[in-house]
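Asks: Sharing data_10.cif here; it has mmCIF, C-alpha atoms.
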data_my_file
loop_
_atom_site.group_PDB
_atom_site.id
_atom_site.type_symbol
_atom_site.label_atom_id
_atom_site.label_comp_id
_atom_site.auth_asym_id
_atom_site.auth_seq_id
_atom_site.Cartn_x
_atom_site.Cartn_y
_atom_site.Cartn_z
ATOM 1 C CA MET A 553 -175.214 0.609 -131.440
ATOM 2 C CA ASN A 554 -178.141 2.272 -133.221
ATOM 3 C CA ILE A 555 -181.509 1.037 -131.973
ATOM 4 C CA ARG A 556 -183.168 2.683 -134.983
ATOM 5 C CA SER A 557 -181.695 -0.053 -137.171
ATOM 6 C CA LEU A 558 -184.186 -2.529 -135.671
ATOM 7 C CA THR A 559 -187.257 -3.416 -137.747
ATOM 8 C CA ARG A 560 -190.756 -4.289 -136.604
ATOM 9 C CA GLY A 561 -189.911 -7.901 -137.435
ATOM 10 C CA ASP A 562 -187.032 -7.704 -134.942
ATOM 11 C CA GLY A 563 -189.548 -6.485 -132.371
ATOM 12 C CA VAL A 564 -191.636 -9.622 -133.001
ATOM 13 C CA VAL A 565 -188.516 -11.780 -132.533
ATOM 14 C CA ILE A 566 -187.725 -10.071 -129.219
ATOM 15 C CA GLY A 567 -191.329 -10.511 -128.059
ATOM 16 C CA ALA A 568 -191.304 -14.189 -129.080
ATOM 17 C CA ALA A 569 -188.091 -14.766 -127.115
ATOM 18 C CA ALA A 570 -189.636 -13.144 -124.022
ATOM 19 C CA LEU A 571 -192.768 -15.289 -124.397
ATOM 20 C CA LEU A 572 -190.585 -18.366 -124.798
ATOM 21 C CA PHE A 573 -188.775 -17.600 -121.554
ATOM 22 C CA ILE A 574 -192.128 -17.392 -119.745
ATOM 23 C CA ALA A 575 -193.145 -20.728 -121.300
ATOM 24 C CA SER A 576 -189.926 -22.323 -119.994
ATOM 25 C CA LEU A 577 -191.065 -21.613 -116.428
ATOM 26 C CA LEU A 578 -194.448 -23.319 -116.916
ATOM 27 C CA ASP A 579 -195.331 -27.014 -116.907
ATOM 28 C CA PHE A 580 -194.310 -28.546 -120.233
ATOM 29 C CA TYR A 581 -196.599 -31.548 -119.750
ATOM 30 C CA SER A 582 -199.363 -32.004 -117.178
ATOM 31 C CA ALA A 583 -201.207 -34.870 -115.542
ATOM 32 C CA ASP A 584 -203.824 -35.223 -112.816
ATOM 33 C CA GLY A 585 -202.242 -35.595 -109.420
ATOM 34 C CA VAL A 586 -198.690 -35.250 -110.769
ATOM 35 C CA ASP A 587 -196.544 -32.155 -110.240
ATOM 36 C CA LEU A 588 -194.358 -31.992 -113.331
ATOM 37 C CA PRO A 589 -191.447 -29.513 -113.388
ATOM 38 C CA SER A 590 -190.530 -26.943 -116.019
ATOM 39 C CA VAL A 591 -188.035 -27.652 -118.778
ATOM 40 C CA TRP A 592 -185.189 -26.315 -116.638
ATOM 41 C CA ASP A 593 -185.314 -29.634 -114.776
ATOM 42 C CA THR A 594 -183.048 -31.560 -117.147
ATOM 43 C CA ASP A 595 -183.580 -34.822 -115.278
ATOM 44 C CA VAL A 596 -187.082 -34.993 -116.773
ATOM 45 C CA TYR A 597 -186.760 -32.944 -119.975
ATOM 46 C CA HIS A 598 -183.237 -33.716 -121.069
ATOM 47 C CA LEU A 599 -183.880 -32.828 -124.760
ATOM 48 C CA SER A 600 -186.567 -30.110 -124.780
ATOM 49 C CA LEU A 601 -184.375 -27.486 -123.119
ATOM 50 C CA PRO A 602 -181.464 -27.521 -125.624
ATOM 51 C CA THR A 603 -183.404 -28.401 -128.789
ATOM 52 C CA ILE A 604 -186.263 -25.922 -128.361
ATOM 53 C CA PHE A 605 -185.565 -23.198 -125.842
ATOM 54 C CA LEU A 606 -181.808 -22.691 -125.962
ATOM 55 C CA THR A 607 -181.798 -23.035 -129.754
ATOM 56 C CA ALA A 608 -184.531 -20.395 -130.072
ATOM 57 C CA PHE A 609 -182.776 -18.016 -127.652
ATOM 58 C CA ILE A 610 -179.555 -18.257 -129.669
ATOM 59 C CA ALA A 611 -181.530 -17.722 -132.900
ATOM 60 C CA ALA A 612 -183.156 -14.560 -131.526
ATOM 61 C CA GLY A 613 -179.755 -13.247 -130.406
ATOM 62 C CA LEU A 614 -178.225 -13.803 -133.846
ATOM 63 C CA ILE A 615 -181.160 -12.248 -135.740
ATOM 64 C CA VAL A 616 -181.386 -9.122 -133.582
ATOM 65 C CA GLY A 617 -177.640 -8.820 -132.924
ATOM 66 C CA SER A 618 -176.828 -8.829 -136.643
ATOM 67 C CA ARG A 619 -178.560 -5.431 -136.907
ATOM 68 C CA PHE A 620 -175.875 -3.817 -134.753
ATOM 69 C CA LEU A 621 -172.860 -5.310 -136.534
ATOM 70 C CA PRO A 622 -171.142 -4.011 -139.687
ATOM 71 C CA GLU A 623 -172.494 -5.205 -143.009
ATOM 72 C CA GLY A 624 -170.830 -8.331 -144.323
ATOM 73 C CA ARG A 625 -170.000 -9.858 -140.924
ATOM 74 C CA LYS A 626 -170.177 -13.647 -141.452
ATOM 75 C CA LEU A 627 -169.739 -16.865 -139.513
ATOM 76 C CA ALA A 628 -168.412 -19.865 -141.455
ATOM 77 C CA GLY A 629 -169.257 -18.116 -144.718
ATOM 78 C CA LEU A 630 -172.888 -17.270 -143.820
ATOM 79 C CA PRO A 631 -174.357 -14.023 -142.410
ATOM 80 C CA LEU A 632 -175.378 -14.121 -138.769
ATOM 81 C CA SER A 633 -179.021 -13.569 -139.705
ATOM 82 C CA ALA A 634 -178.898 -16.699 -141.892
ATOM 83 C CA TRP A 635 -177.624 -18.749 -138.947
ATOM 84 C CA GLY A 636 -180.405 -17.304 -136.805
ATOM 85 C CA THR A 637 -182.994 -18.298 -139.412
ATOM 86 C CA VAL A 638 -181.710 -21.888 -139.521
ATOM 87 C CA LEU A 639 -181.786 -22.202 -135.728
ATOM 88 C CA ALA A 640 -185.278 -20.649 -135.500
ATOM 89 C CA VAL A 641 -186.642 -23.183 -137.999
ATOM 90 C CA SER A 642 -184.913 -25.993 -136.078
ATOM 91 C CA ALA A 643 -186.503 -24.805 -132.826
ATOM 92 C CA VAL A 644 -190.038 -24.737 -134.232
ATOM 93 C CA TRP A 645 -189.510 -28.190 -135.775
ATOM 94 C CA ALA A 646 -188.414 -29.605 -132.414
ATOM 95 C CA SER A 647 -191.317 -27.869 -130.672
ATOM 96 C CA LEU A 648 -193.781 -29.371 -133.135
ATOM 97 C CA TRP A 649 -192.450 -32.863 -132.456
ATOM 98 C CA SER A 650 -192.749 -32.304 -128.711
ATOM 99 C CA LEU A 651 -196.479 -31.806 -129.273
ATOM 100 C CA ILE A 652 -196.815 -34.849 -131.506
ATOM 101 C CA THR A 653 -194.837 -37.174 -129.228
ATOM 102 C CA CYS A 654 -196.553 -36.162 -125.995
ATOM 103 C CA PRO A 655 -196.782 -39.308 -123.794
ATOM 104 C CA SER A 656 -200.263 -40.817 -123.694
ATOM 105 C CA THR A 657 -200.317 -40.639 -119.900
ATOM 106 C CA PHE A 658 -199.742 -36.861 -119.950
ATOM 107 C CA ASP A 659 -201.559 -33.854 -121.339
ATOM 108 C CA LEU A 660 -199.953 -30.947 -123.138
ATOM 109 C CA GLY A 661 -198.990 -28.281 -120.660
ATOM 110 C CA ALA A 662 -199.039 -24.518 -121.127
ATOM 111 C CA GLY A 663 -195.282 -24.497 -121.615
ATOM 112 C CA ALA A 664 -195.417 -26.858 -124.608
ATOM 113 C CA VAL A 665 -198.220 -24.966 -126.375
ATOM 114 C CA ILE A 666 -196.812 -21.472 -125.773
ATOM 115 C CA SER A 667 -193.304 -22.525 -126.800
ATOM 116 C CA PHE A 668 -194.622 -23.845 -130.114
ATOM 117 C CA LEU A 669 -196.491 -20.587 -130.840
ATOM 118 C CA ALA A 670 -193.461 -18.473 -129.868
ATOM 119 C CA THR A 671 -190.999 -20.454 -132.000
ATOM 120 C CA LEU A 672 -193.473 -20.474 -134.895
ATOM 121 C CA ALA A 673 -193.693 -16.658 -134.800
ATOM 122 C CA MET A 674 -189.913 -16.346 -134.553
ATOM 123 C CA ALA A 675 -189.280 -18.689 -137.488
ATOM 124 C CA GLY A 676 -191.949 -17.011 -139.620
ATOM 125 C CA VAL A 677 -190.381 -13.581 -139.142
ATOM 126 C CA ALA A 678 -186.878 -14.941 -139.739
ATOM 127 C CA VAL A 679 -187.891 -16.538 -143.039
ATOM 128 C CA ALA A 680 -190.295 -13.976 -144.518
ATOM 129 C CA GLY A 681 -189.985 -10.837 -142.369
ATOM 130 C CA ALA A 682 -187.932 -8.882 -144.923
ATOM 131 C CA LYS A 683 -190.540 -9.555 -147.636
ATOM 132 C CA VAL A 684 -193.518 -8.254 -145.625
ATOM 133 C CA PRO A 685 -193.672 -4.422 -145.664
ATOM 134 C CA ALA A 686 -195.445 -4.323 -142.290
ATOM 135 C CA LEU A 687 -192.507 -6.184 -140.694
ATOM 136 C CA ALA A 688 -189.661 -4.645 -142.730
ATOM 137 C CA GLY A 689 -190.444 -1.109 -141.533
ATOM 138 C CA GLN A 690 -188.431 0.640 -138.850
ATOM 139 C CA LEU A 691 -189.333 -0.317 -135.265
ATOM 140 C CA ILE A 692 -188.679 3.213 -133.948
ATOM 141 C CA PRO A 693 -189.438 5.580 -136.855
ATOM 142 C CA ASP A 694 -187.340 8.658 -137.484
ATOM 143 C CA ALA A 695 -188.860 12.088 -137.263
ATOM 144 C CA ALA A 696 -190.709 13.060 -140.421
ATOM 145 C CA PRO A 697 -188.190 14.594 -142.845
ATOM 146 C CA ALA A 698 -188.561 18.264 -143.695
ATOM 147 C CA ALA A 699 -189.737 19.129 -147.170
ATOM 148 C CA VAL A 700 -186.794 19.450 -149.545
ATOM 149 C CA PRO A 701 -186.978 22.533 -151.805
ATOM 150 C CA ALA A 702 -186.277 22.215 -155.489
ATOM 151 C CA TYR A 703 -182.616 22.442 -156.447
ATOM 152 C CA GLY A 704 -181.610 26.104 -156.522
ATOM 153 C CA ALA A 705 -184.841 27.412 -154.962
ATOM 154 C CA GLN A 706 -184.620 29.977 -152.176
ATOM 155 C CA PRO A 707 -186.904 30.079 -149.107
ATOM 156 C CA GLN A 708 -189.407 32.932 -149.156
ATOM 157 C CA PRO A 709 -189.558 35.073 -145.976
ATOM 158 C CA GLY A 710 -192.852 36.175 -144.450
ATOM 159 C CA ALA A 711 -194.592 39.092 -146.130
ATOM 160 C CA GLY A 712 -193.736 42.477 -144.715
ATOM 161 C CA TYR A 713 -191.309 41.411 -142.005
ATOM 162 C CA GLY A 714 -188.061 43.309 -142.449
ATOM 163 C CA TYR A 715 -189.097 44.869 -145.791
ATOM 164 C CA PRO A 716 -190.476 48.391 -146.144
ATOM 165 C CA GLY A 717 -194.159 48.495 -147.025
ATOM 166 C CA GLY A 718 -194.437 44.690 -146.923
ATOM 167 C CA GLN A 719 -192.398 44.295 -150.104
ATOM 168 C CA GLN A 720 -190.894 40.929 -151.003
ATOM 169 C CA PRO A 721 -187.265 40.704 -152.139
ATOM 170 C CA GLN A 722 -186.858 41.187 -155.865
ATOM 171 C CA PRO A 723 -185.555 38.367 -158.098
ATOM 172 C CA TYR A 724 -181.949 38.570 -159.164
ATOM 173 C CA GLY A 725 -181.631 40.961 -162.133
ATOM 174 C CA ALA A 726 -185.020 42.655 -161.639
ATOM 175 C CA THR A 727 -185.240 46.449 -161.436
ATOM 176 C CA PRO A 728 -185.702 47.491 -157.795
ATOM 177 C CA GLN A 729 -188.953 49.297 -157.045
ATOM 178 C CA PRO A 730 -188.840 52.617 -155.166
ATOM 179 C CA VAL A 731 -190.110 52.618 -151.602
ATOM 180 C CA PRO A 732 -193.261 54.794 -151.333
ATOM 181 C CA PRO A 733 -193.499 57.453 -148.609
ATOM 182 C CA TYR A 734 -195.085 56.511 -145.317
ATOM 183 C CA GLY A 735 -198.798 55.928 -145.850
ATOM 184 C CA GLY A 736 -198.496 56.003 -149.647
ATOM 185 C CA GLN A 737 -199.235 53.231 -152.103
ATOM 186 C CA ALA A 738 -196.615 51.433 -154.048
ATOM 187 C CA ALA A 739 -196.771 51.977 -157.767
ATOM 188 C CA PRO A 740 -197.824 48.838 -159.642
ATOM 189 C CA GLU A 741 -194.964 47.025 -161.223
ATOM 190 C CA PRO A 742 -195.262 46.911 -165.016
ATOM 191 C CA THR A 743 -195.825 43.446 -166.425
ATOM 192 C CA PRO A 744 -192.785 42.436 -168.470
ATOM 193 C CA ALA A 745 -193.330 41.311 -171.995
ATOM 194 C CA PRO A 746 -193.121 37.538 -172.399
ATOM 195 C CA ALA A 747 -189.868 36.281 -173.794
ATOM 196 C CA PRO A 748 -189.931 34.299 -177.036
ATOM 197 C CA ALA A 749 -190.664 30.624 -176.490
ATOM 198 C CA ALA A 750 -187.355 29.663 -178.078
ATOM 199 C CA HIS A 751 -185.419 31.396 -175.296
ATOM 200 C CA GLU A 752 -187.370 30.021 -172.295
ATOM 201 C CA ALA A 753 -185.286 28.144 -169.731
ATOM 202 C CA PRO A 754 -186.213 24.486 -169.405
ATOM 203 C CA ALA A 755 -188.265 23.697 -166.298
ATOM 204 C CA ALA A 756 -186.685 21.506 -163.645
ATOM 205 C CA ASP A 757 -188.044 17.976 -164.011
ATOM 206 C CA PHE A 758 -186.719 16.513 -160.740
ATOM 207 C CA THR A 759 -187.166 17.506 -157.111
ATOM 208 C CA PRO A 760 -185.061 15.867 -154.377
ATOM 209 C CA PHE A 761 -187.110 13.703 -152.029
ATOM 210 C CA TRP A 762 -186.702 11.341 -149.099
ATOM 211 C CA PHE A 763 -187.286 7.630 -149.598
ATOM 212 C CA ALA A 764 -186.913 4.247 -147.913
ATOM 213 C CA VAL A 765 -186.219 0.880 -149.524
ATOM 214 C CA PRO A 766 -188.396 -2.201 -148.800
ATOM 215 C CA VAL A 767 -185.378 -4.542 -148.609
ATOM 216 C CA ALA A 768 -181.623 -4.057 -148.347
ATOM 217 C CA ARG A 769 -180.172 -2.807 -151.648
ATOM 218 C CA PRO A 770 -176.602 -1.949 -152.728
ATOM 219 C CA LEU A 771 -175.463 1.571 -153.566
ATOM 220 C CA PHE A 772 -172.796 1.750 -156.289
ATOM 221 C CA ALA A 773 -170.219 4.451 -156.995
ATOM 222 C CA GLU A 774 -171.099 7.070 -159.611
ATOM 223 C CA ASP A 775 -168.036 6.153 -161.665
ATOM 224 C CA GLY A 776 -169.604 2.805 -162.581
ATOM 225 C CA SER A 777 -167.490 0.634 -160.269
ATOM 226 C CA PRO A 778 -169.132 -2.792 -159.728
ATOM 227 C CA THR A 779 -168.248 -2.842 -156.012
ATOM 228 C CA PRO A 780 -170.991 -1.336 -153.762
ATOM 229 C CA ILE A 781 -169.949 1.601 -151.597
ATOM 230 C CA ALA A 782 -172.833 1.164 -149.139
ATOM 231 C CA GLU A 783 -175.994 -0.825 -148.533
ATOM 232 C CA LEU A 784 -179.346 0.894 -148.046
ATOM 233 C CA ALA A 785 -181.216 -0.696 -145.130
ATOM 234 C CA PRO A 786 -185.015 -0.927 -144.778
ATOM 235 C CA GLY A 787 -186.606 1.507 -142.347
ATOM 236 C CA THR A 788 -184.021 4.272 -142.871
ATOM 237 C CA TRP A 789 -184.664 7.463 -144.833
ATOM 238 C CA TYR A 790 -182.287 8.412 -147.655
ATOM 239 C CA LEU A 791 -182.234 11.478 -149.910
ATOM 240 C CA ALA A 792 -182.672 11.137 -153.673
ATOM 241 C CA VAL A 793 -180.707 14.030 -155.206
ATOM 242 C CA GLU A 794 -180.811 13.173 -158.916
ATOM 243 C CA GLN A 795 -182.521 10.845 -161.349
ATOM 244 C CA ARG A 796 -180.704 9.013 -164.129
ATOM 245 C CA GLY A 797 -183.015 7.087 -166.357
ATOM 246 C CA PRO A 798 -186.525 5.857 -165.525
ATOM 247 C CA ALA A 799 -185.462 3.483 -162.713
ATOM 248 C CA THR A 800 -182.117 4.835 -161.439
ATOM 249 C CA LEU A 801 -181.538 7.381 -158.656
ATOM 250 C CA ILE A 802 -178.511 9.141 -157.249
ATOM 251 C CA ALA A 803 -178.996 8.689 -153.492
ATOM 252 C CA GLN A 804 -177.230 10.232 -150.525
ATOM 253 C CA THR A 805 -176.761 8.299 -147.282
ATOM 254 C CA GLN A 806 -177.056 9.796 -143.826
ATOM 255 C CA ASP A 807 -173.281 10.093 -143.555
ATOM 256 C CA GLY A 808 -173.057 12.102 -146.800
ATOM 257 C CA ARG A 809 -171.978 9.397 -149.274
ATOM 258 C CA ARG A 810 -173.499 9.561 -152.760
ATOM 259 C CA GLY A 811 -174.019 6.665 -155.101
ATOM 260 C CA VAL A 812 -176.200 5.050 -157.750
ATOM 261 C CA LEU A 813 -179.306 3.061 -156.759
ATOM 262 C CA ASN A 814 -180.147 0.872 -159.741
ATOM 263 C CA ASP A 815 -183.226 -0.861 -158.264
ATOM 264 C CA THR A 816 -185.957 1.614 -157.260
ATOM 265 C CA SER A 817 -188.894 -0.803 -157.338
ATOM 266 C CA GLY A 818 -191.154 -0.604 -154.286
ATOM 267 C CA ILE A 819 -189.431 2.369 -152.629
ATOM 268 C CA GLN A 820 -191.480 4.459 -150.185
ATOM 269 C CA ARG A 821 -191.386 8.216 -150.734
ATOM 270 C CA GLY A 822 -191.267 10.429 -147.655
#
Do you think you could lay out the structure here as structure tokens?
Replies:
Amino acid sequence: MNIRSLTRGDGVVIGAAALLFIASLLDFYSADGVDLPSVWDTDVYHLSLPTIFLTAFIAAGLIVGSRFLPEGRKLAGLPLSAWGTVLAVSAVWASLWSLITCPSTFDLGAGAVISFLATLAMAGVAVAGAKVPALAGQLIPDAAPAAVPAYGAQPQPGAGYGYPGGQQPQPYGATPQPVPPYGGQAAPEPTPAPAPAAHEAPAADFTPFWFAVPVARPLFAEDGSPTPIAELAPGTWYLAVEQRGPATLIAQTQDGRRGVLNDTSGIQRG
């Protein structure tokens, strides 16, 4: 179970479920001089408990629990998150009707109002949470990724440390410079003549970088197989190691798998 797979939208769903539980302990309806029970008293509220509260609790469990299960897990042909969305919408619909059909002799209690707001928030996130960047982001962000050097580049050590006279290591193939005597000055290195333009090495036009996708997107094998090898999830950082075409990246997952990401629209660079 990886808690970092939860999104900020999942956090809203968890908060809505907690608020709904508090609402279930409050008076659903109220009236002067009458002590009405909470919805857990099924003798009075024989429909509100299963149609609103229990339905919403099950919806929250399916939406959040689907984050911890393998991709592709389905129930009766539908993903668990889809079932959670259907139940969340059903709960807010039932809660709305409980407000509309409030008996004329009663007033709306705190439990009825809060339950409607909680189910409305839960259903809204379930339906449109993945399309809103503020909700699709990771609930507990990863540590900021370290800068990725260009392919083939070598880290430069601090000046002077471990090198006589503060000299930097020479590039491969360069003529080593003599070390001056203690207290002396190093002779200036002659400037090499520029090579003809026709023989210049082409500059690297791509630097690996970290990125995150706004919505779940498939990652295909590099051999062109139509079956995805992985699915990139929102809120997780992946490494782009190569670019193929204007809108195609070769991405590497956190477990080391490489594949082709054909849809790069809306990605967030790290």
Asks: Translate the PyMOL selection byres ((chain A and resi 812) around 7) into a concrete residue list for this structure, as a PyMOL selection string.
Replies: chain A and resi 771-774+800-803+811+813-814
Asks: Please evaluate the PyMOL selection byres ((chain A and resi 640) around 8) against the displayed coordinates and give the resulting residues as a PyMOL selection string.
Replies: chain A and resi 607-608+611-612+636-639+641-644+671+674-675+678
Asks: Applied to the shown file, which residues does the PyMOL selection byres ((chain A and resi 650) around 10) return, written as a ChimeraX atom specification?
Replies: /A:580-581,599-600,604,644-649,651-655,660,664-665,667-668
Asks: How many Å lie between CA of Ile666 (chain A) and CA of Leu577 (chain A), rounded to one decimal?
Replies: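 According to the coordinates, CA of Ile666 (chain A) and CA of Leu577 (chain A) are separated by 11.0 Å.
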Asks: If you measure from CA of Ala792 (chain A) to CA of Phe763 (chain A), what distance in Å do you get, rounded to one decimal?
Replies: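 For CA of Ala792 (chain A) relative to CA of Phe763 (chain A), the distance reads 7.1 Å.
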Asks: Do you have the CA of Thr559 (chain A)-CA of Ile692 (chain A) distance handy?
Replies: 7.8 Å
Asks: Smallest atom-to-atom distance to Val684 (chain A): which of A:Ala670, A:Ala569, A:Leu578, A:Pro786, using all atoms listed in the file?
Replies: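 Answer, going by the shortest atom-to-atom distance: A:Pro786.
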Asks: Would you kindly return, as number ranges by chain, each protein, DNA or RNA residue with an atom no farther than 6 Å from any atom of Leu687 (chain A), considering all atoms listed in the file and excluding same-chain residues fewer than 2 positions away?
Replies: A: 560-561, 681, 684-685, 689
Asks: Using the file's own x, y and z axes, what box holds all listed atoms of region 804-821 of chain A with 8 Å on each side, keeping edges along x, y and z, and what are its centre and edge lengths in Å to one decimal, as lines of an AutoDock Vina configuration file?
Replies:
center_x = -181.7
center_y = 5.6
center_z = -151.6
size_x = 35.5
size_y = 29.0
size_z = 32.2
Asks: Contacts of Gly818 (chain A) at 10 Å or less, counting all atoms listed in the file, minus same-chain residues fewer than 4 places along, as a ChimeraX atom specification?
Replies: /A:685,764-767
Asks: Using only C-alpha atoms, find the one residue out of A:Ser633, A:Thr657, A:Thr603, A:Thr788 that sits nearest to Leu621 (chain A).
Replies: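 Looking only at the distances to Leu621 (chain A), the closest residue turns out to be A:Ser633.
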